[in-house]
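Colleague: If you scroll down you'll find the structure; I have some questions about it.
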There are 4 protein chains.
Amino acid sequence: MKKSTATLLVTCPDQRGLVAAIANFVVEHGGNILHADQHKDDDASLFLMRVEWELEGFSIPTEDFAFAFKPVADRFNMKWRLALSETKSRTAILVSKYDHCLADLLYRHKSGELNCEIPIIVSNHAECKEMAETHGIPFRLVPVNATDKSISEREIIDTLKQERIDLVVLARYMQILTPAFVKEFPHRMINIHHSFLPAFLGAKPYHRAHERGVKLIGATSHYVTEVLDDGPIIEQDVIRISHRDQVDDLLQKGRDLEKIVLSRAVRWHLENRILVYGNKTVVFG
Amino acid sequence: MKKSTATLLVTCPDQRGLVAAIANFVVEHGGNILHADQHKDDDASLFLMRVEWELEGFSIPTEDFAFAFKPVADRFNMKWRLALSETKSRTAILVSKYDHCLADLLYRHKSGELNCEIPIIVSNHAECKEMAETHGIPFRLVPVNATDKSISEREIIDTLKQERIDLVVLARYMQILTPAFVKEFPHRMINIHHSFLPAFLGAKPYHRAHERGVKLIGATSHYVTEVLDDGPIIEQDVIRISHRDQVDDLLQKGRDLEKIVLSRAVRWHLENRILVYGNKTVVFG
Amino acid sequence: MKKSTATLLVTCPDQRGLVAAIANFVVEHGGNILHADQHKDDDASLFLMRVEWELEGFSIPTEDFAFAFKPVADRFNMKWRLALSETKSRTAILVSKYDHCLADLLYRHKSGELNCEIPIIVSNHAECKEMAETHGIPFRLVPVNATDKSISEREIIDTLKQERIDLVVLARYMQILTPAFVKEFPHRMINIHHSFLPAFLGAKPYHRAHERGVKLIGATSHYVTEVLDDGPIIEQDVIRISHRDQVDDLLQKGRDLEKIVLSRAVRWHLENRILVYGNKTVVFG
Amino acid sequence: MKKSTATLLVTCPDQRGLVAAIANFVVEHGGNILHADQHKDDDASLFLMRVEWELEGFSIPTEDFAFAFKPVADRFNMKWRLALSETKSRTAILVSKYDHCLADLLYRHKSGELNCEIPIIVSNHAECKEMAETHGIPFRLVPVNATDKSISEREIIDTLKQERIDLVVLARYMQILTPAFVKEFPHRMINIHHSFLPAFLGAKPYHRAHERGVKLIGATSHYVTEVLDDGPIIEQDVIRISHRDQVDDLLQKGRDLEKIVLSRAVRWHLENRILVYGNKTVVFG
């Protein structure tokens, strides 16, 4: 059985003594450190650390952690977050018609790879209803309101809040979200999109990649920010193609990539491995 | 010992009977086909074929091939090119200060991987002179003429023509060539440049990729056309990076990629594996 | 809509005139060749070819093909096989408890990636029954007969024959098959297994790979022959791991690899892209 | 300019308080930690750590470090090693006739990628003499003594000792070393060899991989131990091949892999990133 652990994620201005100060705090309160990983961004003079320890023997109750850690946090001007392995994130999946990412996430969830609950699947189309129900997960159909998109967005936000959602996964949800929506889930909404070298902006990118004769196609998962497809990158991967691949083959290979790249990002988020700063991420291994 | 072979590259409107017609022509004149590869681009209604056969026993002398093949070529409205394995392409390398691609190409040439002669290395800087001379290859320094760039370009073109150059390899030659230069070597000039997902236009792309926290960096080799870095892609590859990689690490990994991606493109060109049409390539395996 | 096509796969001793003879046969009977791909194995003096043409306009009815092609086949001593795109292979999946490959194949089948029917899923355990039924596919439980394994094998063979099965996919079926079973499906049974550098024979290979600190893990799909895990290789792939990956991570990454490598092999088989000779395959691109 | 740093590598039985104890030691003596990375092997109950700090401001002179660190080391029963970025390892390269790895290492050394001196190149053949001399590095020819191999080995050992060699790189040195030789450079001798899935033992592995129709070929770099090709793995990589690749293509692709995999291992060793325990390595990123 997996041990109960706490994970502390810290970001602060780089100073001497940070690793020691954090490690000391954990050790002095009886925590046995399992993993400690830190990174410095010299350009930004920023220190980032992830430390995970066993809760057994740790003398500070979770509800008192903030108070106990405050002197250290204040001294170094830290931004920090504590996550417990036993607290499963409540994760919502938004999907449109393409169901490959949804199917993949549901299979991984069922087989125990994703440390989360999935209380709701939301879609602007009915196609994925059956798949949701087969997995025993409530499906909420919210068609896009043609006259005023903000009405349907409001409905989705209300649904997500009601379900106390921690993480929103856009599993090929083909609607552009308004800044108002994005602001509700800062660094807690993950998207997947295709990536090419060179990039093809606009519609039908796989068709255009085929026209251009590219030799690789890629996919990128990222946190959603107000600038479309430009949020902090979590993971990327590519697959080789050749002139023998027709547009259909590109689409099929693209689906395989999208599944894998999105599921990695979701898993790392759920394992509290990702720290965001500026417009980039550190993913601790 | 390798057999002497002829390779025929054909492009024409797609019609019935093309594979048979070409294969028949070779066989009827005593050629033993070693490789035959064809491709159809349905969108362009275009047929592309590469066929390679042993010269031993082939009854048409090279100088008469065009005349003998004319009836077939005319009937199907073919564009074609014949290449002999015994004819070594005369290849010039243009380089600036960074010598990693040059060093790699020279090593591969020496070890027999590249079926070409390298009669001249041209540079706008003196840094690579020693490396050229160590390999016994004439080095021609042509500094960029600050007042009129076309003067130095003219000098390079004259040098290349004098050396009867078939292929120009831009091995990190850091000057933008004028359309006048590019027109002299249509589909016979290969360049290498970095590629990112997403793309970073402008200066210092590795620095910007680092700022953006990308997880992959790439390189693309392509034929040079008048539109900068937008010619037909020959080969692409990527390498994984992480937040631990500093800009120097990115540059070093980028160099390794550039070497490999450029040398593959050059080798395939020299093996007559590449057919260009529209703004794309078919690379026969 | 996809065109109806015929695919001819040919193996024969290498001789002059083969490409022309086959192409001529197709063209003379009104076939429009879509793809033609050939390969020579110089060591074995063997010629292998795959040619696919549109059935529309082709003048030979399928049932007469063997008779019509006989003169060509006899002249060159060919082994050949004709496959029609409209004939869906009847594919059985054998599985034990691990369901990741099964789930992946069923999803791909449903989304149209695999050109086959799946009339039956056979297992020695009950775990996958629900998944089969969710997809509306009959599930046949055949527990291993502890005293005489050949009894349960006989039952499986009878089931497969009754269902007129063309292809058997071992999707993590954890029983070693007897030669008697294997002989029933020569080059028509595909298996998936883990692969490591170096190889780890025997039980718990992922544990041993972890102990050994390997940096890559792999998977191999192959046709099943009488020698365990030693049949003609169809596809292989690897994924990078590090010391941070625990055995559980290796198992999870291994599952992802196994799914992808097995599904590629099955798809290529169903697209009639694979020719087997000696103990190896040619996979036409 | 790069900062002067010290790197401490520690291995010890896993206990509470290790990260804090080591970090405290550095901080209390004025060291500014740049990187700290640790790993636990739960199966072996082992703790491994790499910590690198700026020497500027660090109050303990290098010659006194062992004495000052002793209380910490003793308390936790640590094995440790201190390395300074300013101390360049003295690295010898052993080579036979194939020069691709040698050429690659020399180019990387010249361009500043490898933090070492190369005072000597040793070979049992004369072929690489010219390459060594072009780079201004002494070349020592030690032919294998046909009647008593230990005589030539003794000569090599004496040469390496005389040159005070820290690291021995076997860059395609095609002689099997005796245990007596290996013992002289424990975890300080790096080898490169080809790797296949499945493995092919014995002679001409690339020929046998071609016969077997493998779809990937690989290379492995490892520390040399007394058991042939079975020492702790440092790095592995693979490249995709197809039926179109002849044995010569495999050899060429294999050479490209060998160069890259060996140079990564050498660089990581020189950057003090590798900790060996049992028969495996941890490579800190």
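A note on labels: chains of the structure tokens are A, B, ... as shown, every chain counts residues from 1, and ligands are counted from 1 in their shown order.
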Show me, as a list in words, the residues of chain B whose atoms get within 9 Å of chain D, using only C-alpha atoms for the distance check.
Modeller: His100, Ala103, Asp104, Tyr107, Ser111, Glu113, Thr134, Ser242, Arg244, Asp245, Gln252, Asp256, Ile260 and Gly285 of chain B
Colleague: For Gln15 in chain B, find every residue with an atom within 10 Å (counting only C-alpha atoms), except residues of its own chain fewer than 3 positions away, and show them as a PDB file with all heavy atoms, in the first residue's frame.
Modeller:
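Just written: around-v3.pdb:
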```
ATOM      1  N   CYS B  12       4.850  13.167 -63.014  1.00  0.00           N
ATOM      2  CA  CYS B  12       3.927  13.452 -64.124  1.00  0.00           C
ATOM      3  C   CYS B  12       2.491  13.386 -63.625  1.00  0.00           C
ATOM      4  O   CYS B  12       2.236  12.926 -62.521  1.00  0.00           O
ATOM      5  CB  CYS B  12       4.143  12.481 -65.286  1.00  0.00           C
ATOM      6  SG  CYS B  12       3.742  10.780 -64.916  1.00  0.00           S
ATOM      7  N   LEU B  18       1.318   3.792 -65.577  1.00  0.00           N
ATOM      8  CA  LEU B  18       2.630   4.431 -65.440  1.00  0.00           C
ATOM      9  C   LEU B  18       3.693   3.474 -64.910  1.00  0.00           C
ATOM     10  O   LEU B  18       4.804   3.419 -65.452  1.00  0.00           O
ATOM     11  CB  LEU B  18       2.513   5.654 -64.512  1.00  0.00           C
ATOM     12  CG  LEU B  18       1.946   6.903 -65.199  1.00  0.00           C
ATOM     13  CD1 LEU B  18       1.405   7.885 -64.178  1.00  0.00           C
ATOM     14  CD2 LEU B  18       3.035   7.555 -66.048  1.00  0.00           C
ATOM     15  N   VAL B  19       3.388   2.757 -63.822  1.00  0.00           N
ATOM     16  CA  VAL B  19       4.377   1.832 -63.264  1.00  0.00           C
ATOM     17  C   VAL B  19       4.802   0.821 -64.324  1.00  0.00           C
ATOM     18  O   VAL B  19       5.998   0.574 -64.549  1.00  0.00           O
ATOM     19  CB  VAL B  19       3.811   1.089 -62.031  1.00  0.00           C
ATOM     20  CG1 VAL B  19       4.802   0.042 -61.529  1.00  0.00           C
ATOM     21  CG2 VAL B  19       3.467   2.075 -60.925  1.00  0.00           C
ATOM     22  N   SER B  45      -3.252  15.072 -58.013  1.00  0.00           N
ATOM     23  CA  SER B  45      -3.330  14.157 -59.172  1.00  0.00           C
ATOM     24  C   SER B  45      -1.961  13.966 -59.802  1.00  0.00           C
ATOM     25  O   SER B  45      -1.786  14.035 -61.015  1.00  0.00           O
ATOM     26  CB  SER B  45      -4.310  14.682 -60.222  1.00  0.00           C
ATOM     27  OG  SER B  45      -5.608  14.594 -59.727  1.00  0.00           O
ATOM     28  N   LEU B  46      -0.994  13.734 -58.950  1.00  0.00           N
ATOM     29  CA  LEU B  46       0.386  13.657 -59.408  1.00  0.00           C
ATOM     30  C   LEU B  46       0.966  12.277 -59.103  1.00  0.00           C
ATOM     31  O   LEU B  46       0.690  11.678 -58.065  1.00  0.00           O
ATOM     32  CB  LEU B  46       1.217  14.720 -58.671  1.00  0.00           C
ATOM     33  CG  LEU B  46       2.476  15.197 -59.373  1.00  0.00           C
ATOM     34  CD1 LEU B  46       2.104  16.050 -60.587  1.00  0.00           C
ATOM     35  CD2 LEU B  46       3.303  16.028 -58.402  1.00  0.00           C
ATOM     36  N   PHE B  47       1.767  11.791 -60.026  1.00  0.00           N
ATOM     37  CA  PHE B  47       2.455  10.512 -59.869  1.00  0.00           C
ATOM     38  C   PHE B  47       3.948  10.788 -59.752  1.00  0.00           C
ATOM     39  O   PHE B  47       4.502  11.584 -60.518  1.00  0.00           O
ATOM     40  CB  PHE B  47       2.162   9.638 -61.093  1.00  0.00           C
ATOM     41  CG  PHE B  47       2.952   8.361 -61.151  1.00  0.00           C
ATOM     42  CD1 PHE B  47       2.462   7.202 -60.562  1.00  0.00           C
ATOM     43  CD2 PHE B  47       4.182   8.305 -61.812  1.00  0.00           C
ATOM     44  CE1 PHE B  47       3.179   6.010 -60.628  1.00  0.00           C
ATOM     45  CE2 PHE B  47       4.907   7.114 -61.873  1.00  0.00           C
ATOM     46  CZ  PHE B  47       4.398   5.970 -61.279  1.00  0.00           C
ATOM     47  N   PHE B  76       3.389  10.376 -71.492  1.00  0.00           N
ATOM     48  CA  PHE B  76       2.794  10.612 -70.171  1.00  0.00           C
ATOM     49  C   PHE B  76       3.075  12.015 -69.636  1.00  0.00           C
ATOM     50  O   PHE B  76       2.788  12.308 -68.477  1.00  0.00           O
ATOM     51  CB  PHE B  76       3.307   9.565 -69.181  1.00  0.00           C
ATOM     52  CG  PHE B  76       2.813   8.185 -69.449  1.00  0.00           C
ATOM     53  CD1 PHE B  76       3.634   7.235 -70.056  1.00  0.00           C
ATOM     54  CD2 PHE B  76       1.513   7.812 -69.106  1.00  0.00           C
ATOM     55  CE1 PHE B  76       3.180   5.945 -70.298  1.00  0.00           C
ATOM     56  CE2 PHE B  76       1.060   6.530 -69.340  1.00  0.00           C
ATOM     57  CZ  PHE B  76       1.893   5.593 -69.944  1.00  0.00           C
TER      58      PHE B  76
ATOM     59  N   ASN C  32      -6.185   0.173 -62.025  1.00  0.00           N
ATOM     60  CA  ASN C  32      -5.435   1.411 -61.819  1.00  0.00           C
ATOM     61  C   ASN C  32      -4.607   1.265 -60.539  1.00  0.00           C
ATOM     62  O   ASN C  32      -5.150   1.241 -59.434  1.00  0.00           O
ATOM     63  CB  ASN C  32      -6.401   2.594 -61.688  1.00  0.00           C
ATOM     64  CG  ASN C  32      -5.655   3.911 -61.585  1.00  0.00           C
ATOM     65  OD1 ASN C  32      -4.524   4.028 -62.056  1.00  0.00           O
ATOM     66  ND2 ASN C  32      -6.284   4.891 -60.959  1.00  0.00           N
ATOM     67  N   ILE C  33      -3.279   1.178 -60.715  1.00  0.00           N
ATOM     68  CA  ILE C  33      -2.400   0.916 -59.564  1.00  0.00           C
ATOM     69  C   ILE C  33      -2.345   2.134 -58.636  1.00  0.00           C
ATOM     70  O   ILE C  33      -2.040   3.244 -59.075  1.00  0.00           O
ATOM     71  CB  ILE C  33      -0.977   0.542 -60.044  1.00  0.00           C
ATOM     72  CG1 ILE C  33      -1.018  -0.792 -60.787  1.00  0.00           C
ATOM     73  CG2 ILE C  33      -0.012   0.472 -58.863  1.00  0.00           C
ATOM     74  CD1 ILE C  33       0.319  -1.206 -61.397  1.00  0.00           C
TER      75      ILE C  33
END
```
Colleague: My list of candidates is C:His39, C:Lys88, C:His29, C:Arg16. Which is closest to Asn272 in chain C when distances are computed with only C-alpha atoms?
Modeller: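 Of C:His39, C:Lys88, C:His29, C:Arg16, the one nearest Asn272 in chain C is C:Lys88, counting only C-alpha atoms.
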Colleague: Set the distance at 12 Å and use only C-alpha atoms: which residues neighbour Val224 in chain C once local chain neighbours fewer than 2 positions away are removed? I'd like the list as a tab-separated table (two decimals) with N, CA, C and O atoms, in the first residue's frame.
Modeller:
```
chain	number	residue	atom	x	y	z
C	167	LEU	N	-7.58	-14.02	-38.02
C	167	LEU	CA	-6.44	-13.47	-37.28
C	167	LEU	C	-6.70	-13.61	-35.78
C	167	LEU	O	-7.79	-13.28	-35.31
C	168	VAL	N	-5.67	-14.08	-35.07
C	168	VAL	CA	-5.76	-14.21	-33.62
C	168	VAL	C	-4.81	-13.19	-32.99
C	168	VAL	O	-3.61	-13.19	-33.31
C	169	VAL	N	-5.33	-12.34	-32.13
C	169	VAL	CA	-4.49	-11.36	-31.45
C	169	VAL	C	-4.35	-11.76	-29.99
C	169	VAL	O	-5.35	-11.86	-29.27
C	170	LEU	N	-3.11	-12.00	-29.57
C	170	LEU	CA	-2.84	-12.32	-28.16
C	170	LEU	C	-2.60	-11.00	-27.43
C	170	LEU	O	-1.50	-10.46	-27.46
C	176	ILE	N	1.31	-20.03	-22.35
C	176	ILE	CA	2.18	-20.47	-23.43
C	176	ILE	C	1.41	-21.48	-24.28
C	176	ILE	O	0.86	-22.45	-23.76
C	177	LEU	N	1.36	-21.20	-25.59
C	177	LEU	CA	0.57	-22.05	-26.47
C	177	LEU	C	1.42	-23.23	-26.96
C	177	LEU	O	2.62	-23.09	-27.18
C	178	THR	N	0.80	-24.37	-27.12
C	178	THR	CA	1.52	-25.53	-27.62
C	178	THR	C	1.75	-25.39	-29.12
C	178	THR	O	1.02	-24.69	-29.81
C	179	PRO	N	2.75	-26.10	-29.63
C	179	PRO	CA	3.00	-26.09	-31.08
C	179	PRO	C	1.75	-26.48	-31.87
C	179	PRO	O	1.50	-25.95	-32.95
C	181	PHE	N	-1.31	-25.75	-31.27
C	181	PHE	CA	-2.14	-24.55	-31.42
C	181	PHE	C	-1.54	-23.61	-32.45
C	181	PHE	O	-2.19	-23.14	-33.38
C	182	VAL	N	-0.25	-23.35	-32.29
C	182	VAL	CA	0.44	-22.38	-33.15
C	182	VAL	C	0.31	-22.77	-34.62
C	182	VAL	O	0.10	-21.92	-35.49
C	183	LYS	N	0.41	-24.07	-34.89
C	183	LYS	CA	0.34	-24.55	-36.28
C	183	LYS	C	-0.99	-24.23	-36.95
C	183	LYS	O	-1.07	-24.19	-38.18
C	184	GLU	N	-2.02	-24.05	-36.17
C	184	GLU	CA	-3.34	-23.77	-36.75
C	184	GLU	C	-3.41	-22.37	-37.36
C	184	GLU	O	-4.28	-22.10	-38.19
C	185	PHE	N	-2.56	-21.46	-36.90
C	185	PHE	CA	-2.64	-20.07	-37.38
C	185	PHE	C	-1.28	-19.54	-37.82
C	185	PHE	O	-0.76	-18.58	-37.25
C	186	PRO	N	-0.70	-20.17	-38.83
C	186	PRO	CA	0.64	-19.75	-39.24
C	186	PRO	C	0.63	-18.31	-39.79
C	186	PRO	O	-0.14	-18.01	-40.71
C	187	HIS	N	1.43	-17.46	-39.18
C	187	HIS	CA	1.52	-16.04	-39.58
C	187	HIS	C	0.16	-15.36	-39.50
C	187	HIS	O	-0.08	-14.37	-40.19
C	188	ARG	N	-0.70	-15.89	-38.66
C	188	ARG	CA	-2.01	-15.27	-38.48
C	188	ARG	C	-2.32	-15.13	-36.99
C	188	ARG	O	-3.47	-15.01	-36.58
C	189	MET	N	-1.27	-15.15	-36.19
C	189	MET	CA	-1.43	-14.96	-34.75
C	189	MET	C	-0.36	-13.96	-34.30
C	189	MET	O	0.84	-14.19	-34.52
C	190	ILE	N	-0.80	-12.85	-33.69
C	190	ILE	CA	0.12	-11.76	-33.31
C	190	ILE	C	0.18	-11.65	-31.80
C	190	ILE	O	-0.85	-11.64	-31.13
C	191	ASN	N	1.40	-11.55	-31.28
C	191	ASN	CA	1.61	-11.45	-29.84
C	191	ASN	C	2.33	-10.14	-29.52
C	191	ASN	O	2.95	-9.54	-30.38
C	192	ILE	N	2.24	-9.73	-28.28
C	192	ILE	CA	2.98	-8.55	-27.81
C	192	ILE	C	3.78	-8.96	-26.58
C	192	ILE	O	3.27	-9.70	-25.74
C	193	HIS	N	5.04	-8.57	-26.52
C	193	HIS	CA	5.74	-8.77	-25.25
C	193	HIS	C	6.73	-7.66	-25.02
C	193	HIS	O	7.14	-6.96	-25.95
C	220	THR	N	7.72	-5.42	-28.15
C	220	THR	CA	7.85	-6.02	-29.47
C	220	THR	C	6.58	-6.77	-29.82
C	220	THR	O	6.08	-7.54	-29.00
C	221	SER	N	6.05	-6.53	-31.01
C	221	SER	CA	4.95	-7.36	-31.49
C	221	SER	C	5.48	-8.26	-32.60
C	221	SER	O	6.33	-7.84	-33.39
C	222	HIS	N	5.00	-9.49	-32.62
C	222	HIS	CA	5.56	-10.47	-33.57
C	222	HIS	C	4.52	-11.54	-33.88
C	222	HIS	O	3.58	-11.74	-33.11
C	226	GLU	N	6.58	-21.53	-33.23
C	226	GLU	CA	6.69	-22.55	-32.19
C	226	GLU	C	7.73	-22.19	-31.15
C	226	GLU	O	7.67	-22.65	-30.01
C	227	VAL	N	8.71	-21.39	-31.54
C	227	VAL	CA	9.73	-20.98	-30.58
C	227	VAL	C	9.23	-19.74	-29.83
C	227	VAL	O	8.96	-18.70	-30.43
C	228	LEU	N	9.11	-19.85	-28.56
C	228	LEU	CA	8.51	-18.81	-27.72
C	228	LEU	C	9.13	-17.42	-27.93
C	228	LEU	O	10.34	-17.24	-27.84
C	229	ASP	N	8.27	-16.44	-28.20
C	229	ASP	CA	8.70	-15.05	-28.33
C	229	ASP	C	9.80	-14.85	-29.35
C	229	ASP	O	10.59	-13.92	-29.26
C	230	ASP	N	9.87	-15.75	-30.32
C	230	ASP	CA	10.98	-15.64	-31.27
C	230	ASP	C	10.49	-15.60	-32.71
C	230	ASP	O	11.25	-15.84	-33.64
C	231	GLY	N	9.23	-15.31	-32.91
C	231	GLY	CA	8.70	-15.27	-34.27
C	231	GLY	C	9.07	-13.98	-34.98
C	231	GLY	O	9.70	-13.09	-34.41
C	232	PRO	N	8.68	-13.86	-36.25
C	232	PRO	CA	9.03	-12.67	-37.05
C	232	PRO	C	8.52	-11.39	-36.40
C	232	PRO	O	7.34	-11.26	-36.10
C	233	ILE	N	9.44	-10.46	-36.20
C	233	ILE	CA	9.11	-9.19	-35.54
C	233	ILE	C	8.34	-8.29	-36.49
C	233	ILE	O	8.74	-8.09	-37.63
C	234	ILE	N	7.25	-7.72	-36.01
C	234	ILE	CA	6.46	-6.79	-36.83
C	234	ILE	C	6.79	-5.34	-36.46
C	234	ILE	O	7.01	-4.51	-37.32
C	276	VAL	N	5.94	-12.00	-44.71
C	276	VAL	CA	6.85	-12.75	-43.86
C	276	VAL	C	7.71	-13.64	-44.73
C	276	VAL	O	7.21	-14.24	-45.68
C	279	ASN	N	12.62	-15.79	-40.98
C	279	ASN	CA	12.08	-15.46	-39.66
C	279	ASN	C	11.94	-13.96	-39.51
C	279	ASN	O	12.13	-13.40	-38.44
C	280	LYS	N	11.64	-13.27	-40.61
C	280	LYS	CA	11.54	-11.82	-40.54
C	280	LYS	C	10.36	-11.30	-41.35
C	280	LYS	O	9.75	-12.05	-42.11
```
Colleague: Tell me, in Å to one decimal, how far CA of Ala219 in chain A is from CA of Arg240 in chain D.
Modeller: 20.9 Å
Colleague: Applying 10 Å and only C-alpha atoms, which residues near Ile22 in chain A remain after dropping the ones on its own chain fewer than 5 positions away? List them as a list in words.
Modeller: Leu8, Val10, Gly17, Val27, Ala36, Met49, Arg50, Val51, Phe69, Val72 and Ala73 of chain A; Val19, Ala20 and Ala23 of chain D
Colleague: Report as an NGL selection string all protein, DNA and RNA residues lying within 12 Å of Ser150 in chain D, evaluated on only C-alpha atoms, omitting residues in the same chain fewer than 3 positions from it.
Modeller: :D and (142-147 or 153-158 or 175-181)
Colleague: Write down as a VMD selection string the residues of range 227-277 of chain C whose backbone DSSP state falls under helix (DSSP H, G or I).
Modeller: chain C and resid 247 to 270
Colleague: Could you pull out the residues in range 22-264 of chain B that DSSP calls strand (DSSP E or B) from the backbone, as a PyMOL selection string?
Modeller: chain B and resi 32-41+46-54+79-84+89-95+116-123+139-141+167-170+189-196+216-223+233-240
Colleague: So what do you get for CA of Leu9 in chain A versus CA of Leu48 in chain A, distance-wise?
Modeller: 7.6 Å
Colleague: Taking 4 positions as the minimum chain separation for residues in the same chain, which residues sit within 12 Å of Gln246 in chain B when counting only C-alpha atoms? Answer as a list in words.
Modeller: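 My reading of the contact set: His39, Lys40, Asp41, Asp42 and Asp43 of chain A; Tyr206, His207, Arg208, Ala209, His210, Glu211, Gly213, Val214, Ile241, Ser242, Leu250, Leu251, Gln252 and Lys253 of chain B; Gly285 of chain D.
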Colleague: For the atom pair CA of Ser96 in chain B and CA of Pro119 in chain B, what is the interatomic distance in Å to one decimal place?
Modeller: 17.5 Å
Colleague: Skipping near chain neighbours, those fewer than 4 positions away, what residues fall within 10 Å of Thr87 in chain A using only C-alpha atoms, listed as JSON, numbers by chain?
Modeller: {"A": [4, 6, 83, 115, 116, 117]}
Colleague: Could those selected residues go to a file with all heavy atoms, as a tab-separated table (two decimals), in the first residue's frame?
Modeller:
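Written out: result31.tsv:
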```
chain	number	residue	atom	x	y	z
A	4	SER	N	0.87	7.43	3.09
A	4	SER	CA	0.27	8.76	3.08
A	4	SER	C	1.39	9.79	3.13
A	4	SER	O	2.25	9.73	4.01
A	4	SER	CB	-0.64	8.94	4.29
A	4	SER	OG	-1.78	8.16	4.15
A	6	ALA	N	2.69	14.08	2.38
A	6	ALA	CA	2.39	15.48	2.11
A	6	ALA	C	3.42	16.01	1.13
A	6	ALA	O	4.59	15.62	1.18
A	6	ALA	CB	2.44	16.29	3.40
A	83	ALA	N	-0.09	19.79	-0.50
A	83	ALA	CA	-1.05	18.82	-1.05
A	83	ALA	C	-0.86	17.49	-0.35
A	83	ALA	O	0.27	17.08	-0.07
A	83	ALA	CB	-0.83	18.66	-2.55
A	115	ASN	N	-4.76	9.85	-9.85
A	115	ASN	CA	-5.18	10.00	-8.46
A	115	ASN	C	-6.23	11.11	-8.33
A	115	ASN	O	-5.96	12.20	-7.84
A	115	ASN	CB	-3.96	10.32	-7.60
A	115	ASN	CG	-4.30	10.37	-6.11
A	115	ASN	OD1	-5.13	9.59	-5.64
A	115	ASN	ND2	-3.66	11.29	-5.40
A	116	CYS	N	-7.45	10.83	-8.78
A	116	CYS	CA	-8.51	11.84	-8.73
A	116	CYS	C	-9.89	11.20	-8.72
A	116	CYS	O	-10.02	10.00	-8.95
A	116	CYS	CB	-8.41	12.78	-9.95
A	116	CYS	SG	-8.76	11.97	-11.52
A	117	GLU	N	-10.87	12.00	-8.39
A	117	GLU	CA	-12.26	11.63	-8.64
A	117	GLU	C	-12.72	12.37	-9.89
A	117	GLU	O	-12.25	13.47	-10.16
A	117	GLU	CB	-13.14	12.06	-7.47
A	117	GLU	CG	-12.86	11.28	-6.20
A	117	GLU	CD	-13.58	11.89	-5.01
A	117	GLU	OE1	-14.59	12.60	-5.24
A	117	GLU	OE2	-13.14	11.67	-3.88
```
